[in-house]
>>> print(open('start37.cif').read())   # mmCIF, C-alpha atoms
data_final
loop_
_atom_site.label_atom_id
_atom_site.label_comp_id
_atom_site.auth_asym_id
_atom_site.auth_seq_id
_atom_site.Cartn_x
_atom_site.Cartn_y
_atom_site.Cartn_z
CA MET A 1 -9.27 2.90 -18.34
CA THR A 2 -9.07 5.37 -15.47
CA SER A 3 -12.27 7.00 -14.18
CA THR A 4 -12.97 9.37 -11.29
CA VAL A 5 -15.34 9.00 -8.36
CA ASP A 6 -16.74 11.61 -5.97
CA ALA A 7 -15.15 11.32 -2.53
CA GLY A 8 -16.98 14.27 -0.99
CA ASP A 9 -14.52 17.16 -1.11
CA THR A 10 -12.36 15.68 -3.87
CA GLN A 11 -12.30 13.23 -6.76
CA LEU A 12 -10.31 10.02 -6.67
CA ALA A 13 -8.98 8.35 -9.79
CA TYR A 14 -9.61 4.62 -10.01
CA THR A 15 -9.87 1.66 -12.35
CA ASP A 16 -12.61 -0.96 -12.15
CA ALA A 17 -11.84 -4.39 -13.61
CA GLY A 18 -13.31 -7.87 -13.34
CA SER A 19 -16.53 -8.99 -11.70
CA GLY A 20 -17.39 -10.75 -8.47
CA ALA A 21 -16.80 -9.93 -4.81
CA PRO A 22 -15.04 -6.54 -4.59
CA ILE A 23 -11.40 -5.99 -3.70
CA VAL A 24 -10.18 -2.44 -3.06
CA TRP A 25 -6.45 -2.11 -3.80
CA LEU A 26 -4.52 0.66 -2.01
CA HIS A 27 -0.99 1.59 -3.09
CA GLY A 28 2.10 2.81 -1.25
CA SER A 29 3.49 6.32 -0.87
CA GLY A 30 6.67 5.98 -2.89
CA PRO A 31 7.50 8.59 -5.55
CA GLY A 32 5.67 7.87 -8.78
CA ALA A 33 3.29 5.45 -7.06
CA SER A 34 -0.26 4.88 -8.25
CA GLY A 35 -2.80 2.10 -8.00
CA LEU A 36 -1.86 0.48 -11.29
CA SER A 37 1.89 0.97 -10.86
CA ASN A 38 1.68 -1.06 -7.65
CA PHE A 39 -0.87 -3.70 -8.62
CA GLY A 40 -1.35 -3.75 -12.41
CA GLY A 41 0.65 -6.95 -12.74
CA ASN A 42 -1.43 -8.74 -10.11
CA LEU A 43 -4.91 -8.01 -11.45
CA PRO A 44 -5.09 -10.80 -14.07
CA ALA A 45 -4.83 -13.34 -11.23
CA PHE A 46 -7.92 -11.80 -9.61
CA ASP A 47 -10.20 -11.43 -12.63
CA ASP A 48 -12.97 -13.35 -10.86
CA TYR A 49 -13.20 -10.45 -8.40
CA ARG A 50 -14.30 -6.87 -8.98
CA ASN A 51 -11.03 -4.97 -8.61
CA ILE A 52 -11.25 -1.32 -7.60
CA VAL A 53 -7.72 0.10 -7.87
CA ILE A 54 -7.55 3.58 -6.36
CA ASP A 55 -5.05 6.44 -6.68
CA LEU A 56 -4.89 7.82 -3.14
CA PRO A 57 -5.16 11.60 -2.62
CA GLY A 58 -2.03 13.30 -3.96
CA TRP A 59 -0.75 10.29 -5.92
CA GLY A 60 -1.30 9.11 -9.48
CA GLU A 61 -4.14 11.06 -11.07
CA SER A 62 -5.88 12.02 -7.82
CA PRO A 63 -5.57 15.69 -6.77
CA ARG A 64 -3.27 16.74 -3.95
CA PRO A 65 -5.25 17.11 -0.70
CA GLU A 66 -5.53 20.38 1.18
CA THR A 67 -5.55 19.13 4.76
CA ASP A 68 -3.78 19.36 8.10
CA GLU A 69 -5.18 15.97 9.05
CA PRO A 70 -2.79 12.99 9.21
CA LEU A 71 -2.52 11.60 5.69
CA ILE A 72 -3.63 8.07 6.62
CA PHE A 73 -6.78 9.36 8.32
CA HIS A 74 -7.61 11.74 5.49
CA ALA A 75 -7.10 9.13 2.78
CA ALA A 76 -9.10 6.47 4.64
CA ASP A 77 -12.17 8.69 4.87
CA ARG A 78 -11.98 9.55 1.15
CA VAL A 79 -11.60 5.90 0.15
CA TYR A 80 -14.62 5.01 2.28
CA ARG A 81 -16.63 7.79 0.59
CA ALA A 82 -15.50 6.50 -2.81
CA MET A 83 -16.58 2.97 -1.89
CA THR A 84 -20.00 4.31 -0.92
CA ALA A 85 -20.31 6.29 -4.17
CA LEU A 86 -19.43 3.14 -6.14
CA GLY A 87 -22.11 1.14 -4.34
CA ILE A 88 -19.63 -1.10 -2.53
CA GLU A 89 -21.20 -2.12 0.78
CA ARG A 90 -18.46 -4.53 1.82
CA ALA A 91 -15.06 -5.34 0.33
CA HIS A 92 -11.75 -7.04 0.88
CA LEU A 93 -8.96 -4.46 1.27
CA VAL A 94 -5.45 -5.10 -0.07
CA GLY A 95 -2.90 -2.44 0.83
CA ASN A 96 0.83 -1.99 0.33
CA SER A 97 2.89 0.10 2.79
CA TYR A 98 1.02 3.43 3.14
CA GLY A 99 -1.99 1.82 1.48
CA GLY A 100 -1.86 -0.92 4.12
CA ALA A 101 -2.11 1.74 6.79
CA VAL A 102 -5.08 3.31 4.99
CA ALA A 103 -6.73 -0.14 4.86
CA MET A 104 -6.20 -0.59 8.62
CA ARG A 105 -7.73 2.80 9.33
CA ILE A 106 -10.82 1.94 7.24
CA ALA A 107 -11.15 -1.35 9.13
CA MET A 108 -10.99 0.56 12.43
CA GLN A 109 -13.50 3.24 11.48
CA TYR A 110 -15.91 1.34 9.23
CA PRO A 111 -15.66 -2.34 10.29
CA GLU A 112 -19.04 -3.33 8.87
CA HIS A 113 -17.78 -2.46 5.37
CA VAL A 114 -14.59 -4.57 5.49
CA ASP A 115 -14.39 -8.29 4.86
CA ARG A 116 -10.73 -9.41 4.91
CA LEU A 117 -7.51 -7.40 5.10
CA VAL A 118 -4.27 -8.13 3.27
CA LEU A 119 -1.45 -5.82 4.36
CA MET A 120 1.99 -5.83 2.75
CA ALA A 121 4.53 -4.28 5.13
CA PRO A 122 1.98 -1.65 6.21
CA GLY A 123 2.88 1.75 7.61
CA GLY A 124 1.17 3.62 10.43
CA VAL A 125 2.65 1.54 13.27
CA LEU A 126 6.20 2.41 14.30
CA PRO A 127 8.49 0.70 16.81
CA ALA A 128 9.36 2.62 19.93
CA ASP A 129 12.94 3.26 18.70
CA ALA A 130 12.07 4.95 15.34
CA PRO A 131 13.72 7.11 14.11
CA PRO A 132 16.45 6.40 13.03
CA TRP A 133 14.68 5.52 9.80
CA PRO A 134 15.49 2.47 7.66
CA ALA A 135 17.36 3.11 4.42
CA GLY A 136 14.23 2.92 2.25
CA LEU A 137 12.39 5.58 4.26
CA GLU A 138 15.49 7.80 4.24
CA LEU A 139 15.53 7.63 0.42
CA LEU A 140 11.77 8.20 0.24
CA PHE A 141 11.89 11.30 2.44
CA ALA A 142 14.92 12.70 0.59
CA TYR A 143 13.17 12.25 -2.75
CA LEU A 144 9.97 13.91 -1.53
CA ALA A 145 11.95 16.81 -0.05
CA ALA A 146 13.79 17.62 -3.30
CA ASP A 147 12.48 20.49 -5.45
CA LYS A 148 13.26 18.49 -8.59
CA PRO A 149 14.59 15.05 -7.76
CA SER A 150 16.94 13.32 -10.17
CA ARG A 151 16.46 10.14 -12.14
CA GLU A 152 19.52 8.78 -10.32
CA ALA A 153 17.69 9.27 -7.01
CA MET A 154 14.71 7.37 -8.41
CA ALA A 155 16.98 4.54 -9.60
CA GLU A 156 18.52 4.25 -6.13
CA PHE A 157 15.05 4.17 -4.56
CA VAL A 158 13.66 1.53 -6.95
CA ARG A 159 16.71 -0.74 -6.57
CA LEU A 160 16.28 -0.72 -2.80
CA MET A 161 12.66 -1.86 -3.12
CA VAL A 162 13.62 -5.27 -4.58
CA PHE A 163 16.02 -8.01 -3.50
CA ASP A 164 16.69 -9.03 -7.11
CA GLU A 165 17.94 -5.80 -8.66
CA SER A 166 17.39 -7.15 -12.18
CA LEU A 167 13.71 -6.39 -11.51
CA ALA A 168 14.59 -2.70 -11.19
CA THR A 169 14.57 -2.30 -14.96
CA GLU A 170 15.45 0.90 -16.79
CA ALA A 171 11.87 1.01 -18.12
CA LEU A 172 10.45 0.76 -14.60
CA ILE A 173 12.78 3.50 -13.35
CA ASP A 174 11.82 5.76 -16.28
CA GLU A 175 8.11 5.14 -15.70
CA ARG A 176 8.26 5.87 -11.98
CA TYR A 177 10.48 8.92 -12.49
CA ALA A 178 8.17 10.48 -15.08
CA ALA A 179 5.13 9.79 -12.88
CA SER A 180 6.84 11.33 -9.85
CA LEU A 181 7.48 14.59 -11.71
CA ARG A 182 3.83 14.82 -12.80
CA ALA A 183 2.57 14.48 -9.23
CA HIS A 184 5.40 15.47 -6.91
CA PRO A 185 3.72 15.88 -3.51
CA GLU A 186 4.35 18.91 -1.33
CA MET A 187 4.47 17.81 2.30
CA PRO A 188 6.50 18.17 5.49
CA ILE A 189 9.39 15.73 5.84
CA PRO A 190 8.85 13.29 7.41
CA PRO A 191 5.17 13.46 6.46
CA ASN A 192 2.46 13.44 9.12
CA PHE A 193 1.10 10.01 8.31
CA GLY A 194 -0.55 9.46 11.71
CA ASP A 195 -0.25 6.72 14.34
CA LEU A 196 -2.58 3.70 14.24
CA THR A 197 -1.00 1.87 17.18
CA PRO A 198 -3.58 2.83 19.87
CA ASP A 199 -6.50 1.48 17.81
CA LEU A 200 -5.13 -1.81 16.44
CA ALA A 201 -7.38 -3.88 18.71
CA ARG A 202 -10.42 -2.32 17.03
CA ILE A 203 -9.67 -4.31 13.85
CA GLY A 204 -11.92 -7.36 13.82
CA ALA A 205 -11.43 -8.36 10.20
CA ALA A 206 -9.36 -11.44 9.44
CA THR A 207 -5.92 -10.01 8.62
CA LEU A 208 -3.00 -11.37 6.64
CA LEU A 209 0.36 -9.62 6.92
CA VAL A 210 2.76 -10.30 4.04
CA TRP A 211 6.37 -9.20 4.40
CA GLY A 212 9.64 -9.51 2.53
CA ARG A 213 12.30 -10.84 4.89
CA GLU A 214 14.92 -8.45 3.51
CA ASP A 215 12.65 -5.37 3.48
CA GLN A 216 14.79 -2.27 4.10
CA THR A 217 11.88 0.19 4.09
CA VAL A 218 9.45 -1.26 6.64
CA PRO A 219 11.57 -3.97 8.30
CA VAL A 220 9.94 -7.27 9.21
CA ASN A 221 10.69 -6.78 12.92
CA TRP A 222 8.18 -3.90 12.79
CA ALA A 223 5.46 -6.52 12.27
CA LEU A 224 5.50 -7.56 15.94
CA ARG A 225 3.46 -4.61 17.22
CA ILE A 226 0.80 -5.24 14.58
CA LEU A 227 0.69 -8.97 15.37
CA GLU A 228 0.32 -8.17 19.04
CA GLY A 229 -2.29 -5.49 18.38
CA ILE A 230 -4.68 -7.07 15.85
CA PRO A 231 -6.36 -10.09 17.47
CA THR A 232 -6.93 -11.89 14.13
CA ALA A 233 -3.58 -11.15 12.44
CA GLU A 234 -1.32 -13.79 10.93
CA LEU A 235 2.05 -13.23 9.25
CA ARG A 236 3.64 -14.69 6.10
CA VAL A 237 7.30 -13.80 5.50
CA LEU A 238 8.82 -14.37 2.05
CA PRO A 239 12.61 -14.83 1.82
CA HIS A 240 14.81 -13.12 -0.77
CA CYS A 241 12.28 -10.31 -1.03
CA ARG A 242 12.21 -6.65 -0.05
CA HIS A 243 9.40 -4.09 0.07
CA TRP A 244 7.54 -4.68 -3.20
CA VAL A 245 6.29 -8.17 -2.37
CA GLN A 246 3.41 -8.05 -4.85
CA TYR A 247 5.87 -7.22 -7.66
CA GLU A 248 8.97 -9.19 -6.74
CA ARG A 249 7.14 -12.38 -5.73
CA ALA A 250 3.95 -11.93 -7.76
CA PRO A 251 3.03 -15.61 -8.38
CA GLU A 252 3.46 -16.59 -4.75
CA PHE A 253 1.77 -13.40 -3.53
CA ASN A 254 -1.21 -13.97 -5.81
CA HIS A 255 -1.53 -17.57 -4.65
CA ILE A 256 -1.45 -16.95 -0.90
CA VAL A 257 -3.74 -13.92 -1.14
CA ARG A 258 -6.32 -15.86 -3.17
CA GLU A 259 -6.24 -18.67 -0.60
CA PHE A 260 -6.67 -16.19 2.23
CA LEU A 261 -9.56 -14.33 0.59
CA ARG A 262 -11.33 -17.64 0.05
CA GLY A 263 -10.96 -18.38 3.73
CA GLY A 264 -8.28 -21.02 3.26
CA ALA A 265 -4.87 -21.37 4.86
CA ALA A 266 -2.63 -18.42 4.10
CA ALA A 267 0.48 -20.57 4.19
CA SER A 268 -0.63 -23.37 1.87
CA SER A 269 1.87 -24.50 -0.76
CA GLU A 270 1.79 -23.13 -4.29
CA ALA A 271 -0.38 -24.93 -6.80
#
>>> encode(input="start37.cif", output="structure tokens")
Amino acid sequence: MTSTVDAGDTQLAYTDAGSGAPIVWLHGSGPGASGLSNFGGNLPAFDDYRNIVIDLPGWGESPRPETDEPLIFHAADRVYRAMTALGIERAHLVGNSYGGAVAMRIAMQYPEHVDRLVLMAPGGVLPADAPPWPAGLELLFAYLAADKPSREAMAEFVRLMVFDESLATEALIDERYAASLRAHPEMPIPPNFGDLTPDLARIGAATLLVWGREDQTVPVNWALRILEGIPTAELRVLPHCRHWVQYERAPEFNHIVREFLRGGAAASSEA
């Protein structure tokens, strides 16, 4: 069941499931994205944790922000305020794409409130030669720029997010398309997400990067600047996988993340 929490100048929608050490889950910026659309299938594997799954400002059921601030910076401050309102003093952060960038920003600004970071192909850190944009970002920006995007455009976007296109089901496309029309963000294209590169060294939390080798949205070669910048970062690359690692490779993702959050080896073999 979705609730709302006071984040200062706005309300954020969230779900709260399980009990134990808290994990805050932060979703990506794709059309139709929300906390549960990104991570709902993973939560049963983490039911011994308290799972706070947030809809970031302007996505899911959270209101569109009125701000000129970079979106990553704005969202990070509101998530931190939501954590405070929920009585969460310290949490693991798990973020996908845009949500990974928001998690990094929180770890930079509020390090005493962050335990471990899991980042799936995070945004916010671009290579020196971008643009041109990868195919997935081109589709994302085109969809966000359309006054009323088509279901066909959503189908093309979803199919590019997974290596195995059988996972891009008609039901998933319908669900994401309907959600995108309910909360179609108004923003400049490309959006002003903000640049985290200068502050990567401020992240002291143990950090696991998880990437799909065939990612065509945030390519795996973009990981190098983050690995060089975060002193504690390690990288796990999954073959035959694109951008939605937590969906396309859910059992393996759940296993390696649980091992990492327990302080074990991120690359241990599946049980």
>>> closest_residue(input="start37.cif", among="A:His113, A:His74, A:Arg176, A:Arg105", to="Gly87 of chain A", atoms="all atoms listed in the file")
A:His113
>>> residues_around(input="start37.cif", residues="Tyr247 of chain A", least_positions_apart="2", cutoff="10 Å", atoms="all atoms listed in the file", output="number ranges by chain")
A: 37-42, 161-162, 167, 241-245, 249-251, 253-254
>>> residues_near_point(input="start37.cif", point="(14.0, -5.3, 3.2)", cutoff="10 Å", atoms="all atoms listed in the file", output="PyMOL selection string")
chain A and resi 121+134-136+160-163+211-220+239-245
>>> resolve_selection(input="start37.cif", expression="the PyMOL selection byres ((chain A and resi 236) around 9)", output="count of residues only")
12
>>> atom_distance(input="start37.cif", atom1="atom CA of Glu69 of chain A", atom2="atom CA of Ile189 of chain A")
14.9 Å
>>> residues_around(input="start37.cif", residues="Tyr143 of chain A", least_positions_apart="4", cutoff="12 Å", atoms="only C-alpha atoms", output="PyMOL selection string")
chain A and resi 29-32+136-139+147-158+177+180-181+184-187+189-190
>>> resolve_selection(input="start37.cif", expression="the PyMOL selection byres ((chain A and resi 107) around 12)", output="PyMOL selection string")
chain A and resi 73+76-77+79-80+90-95+100-106+108-119+196+199-207+230
>>> residues_near_point(input="start37.cif", point="(-21.1, -7.6, -9.1)", cutoff="12 Å", atoms="all atoms listed in the file", output="short mmCIF file (atom, residue, chain, number, x, y, z; two decimals) with C-alpha atoms, in the coordinates of the input")
data_model
loop_
_atom_site.label_atom_id
_atom_site.label_comp_id
_atom_site.auth_asym_id
_atom_site.auth_seq_id
_atom_site.Cartn_x
_atom_site.Cartn_y
_atom_site.Cartn_z
CA ASP A 16 -12.61 -0.96 -12.15
CA ALA A 17 -11.84 -4.39 -13.61
CA GLY A 18 -13.31 -7.87 -13.34
CA SER A 19 -16.53 -8.99 -11.70
CA GLY A 20 -17.39 -10.75 -8.47
CA ALA A 21 -16.80 -9.93 -4.81
CA PRO A 22 -15.04 -6.54 -4.59
CA ILE A 23 -11.40 -5.99 -3.70
CA ASP A 48 -12.97 -13.35 -10.86
CA TYR A 49 -13.20 -10.45 -8.40
CA ARG A 50 -14.30 -6.87 -8.98
CA ASN A 51 -11.03 -4.97 -8.61
CA ILE A 52 -11.25 -1.32 -7.60
CA LEU A 86 -19.43 3.14 -6.14
CA GLY A 87 -22.11 1.14 -4.34
CA ILE A 88 -19.63 -1.10 -2.53
CA GLU A 89 -21.20 -2.12 0.78
CA ARG A 90 -18.46 -4.53 1.82
CA ALA A 91 -15.06 -5.34 0.33
#
>>> atom_distance(input="start37.cif", atom1="atom CA of Asn221 of chain A", atom2="atom CA of Trp133 of chain A")
13.3 Å
>>> closest_residue(input="start37.cif", among="A:Ala233, A:Pro188, A:Gln246, A:Gly58", to="Ala142 of chain A", atoms="all atoms listed in the file")
A:Pro188
>>> atom_distance(input="start37.cif", atom1="atom CA of Ala171 of chain A", atom2="atom CA of Gly60 of chain A")
17.7 Å
>>> residues_around(input="start37.cif", residues="Arg78 of chain A", least_positions_apart="3", cutoff="9 Å", atoms="all atoms listed in the file", output="list in words")
Asp6, Ala7, Gly8, Asp9, Thr10, Gln11, Leu12, Leu56, Pro57, Phe73, His74, Ala75, Arg81, Ala82 and Met83 of chain A
>>> write_last_selection(input="start37.cif", atoms="C-alpha atoms", output="PDB file, in the frame of the given file")
ATOM      1  CA  ASP A   6     -16.740  11.610  -5.970  1.00  0.00           C
ATOM      2  CA  ALA A   7     -15.150  11.320  -2.530  1.00  0.00           C
ATOM      3  CA  GLY A   8     -16.980  14.270  -0.990  1.00  0.00           C
ATOM      4  CA  ASP A   9     -14.520  17.160  -1.110  1.00  0.00           C
ATOM      5  CA  THR A  10     -12.360  15.680  -3.870  1.00  0.00           C
ATOM      6  CA  GLN A  11     -12.300  13.230  -6.760  1.00  0.00           C
ATOM      7  CA  LEU A  12     -10.310  10.020  -6.670  1.00  0.00           C
ATOM      8  CA  LEU A  56      -4.890   7.820  -3.140  1.00  0.00           C
ATOM      9  CA  PRO A  57      -5.160  11.600  -2.620  1.00  0.00           C
ATOM     10  CA  PHE A  73      -6.780   9.360   8.320  1.00  0.00           C
ATOM     11  CA  HIS A  74      -7.610  11.740   5.490  1.00  0.00           C
ATOM     12  CA  ALA A  75      -7.100   9.130   2.780  1.00  0.00           C
ATOM     13  CA  ARG A  81     -16.630   7.790   0.590  1.00  0.00           C
ATOM     14  CA  ALA A  82     -15.500   6.500  -2.810  1.00  0.00           C
ATOM     15  CA  MET A  83     -16.580   2.970  -1.890  1.00  0.00           C
TER      16      MET A  83
END
>>> axis_aligned_box(input="start37.cif", around="segment 19-26 of chain A", padding_each_side="8 Å", output="AutoDock Vina command-line options")
--center_x -11.0 --center_y -5.0 --center_z -6.9 --size_x 28.9 --size_y 27.4 --size_z 25.7
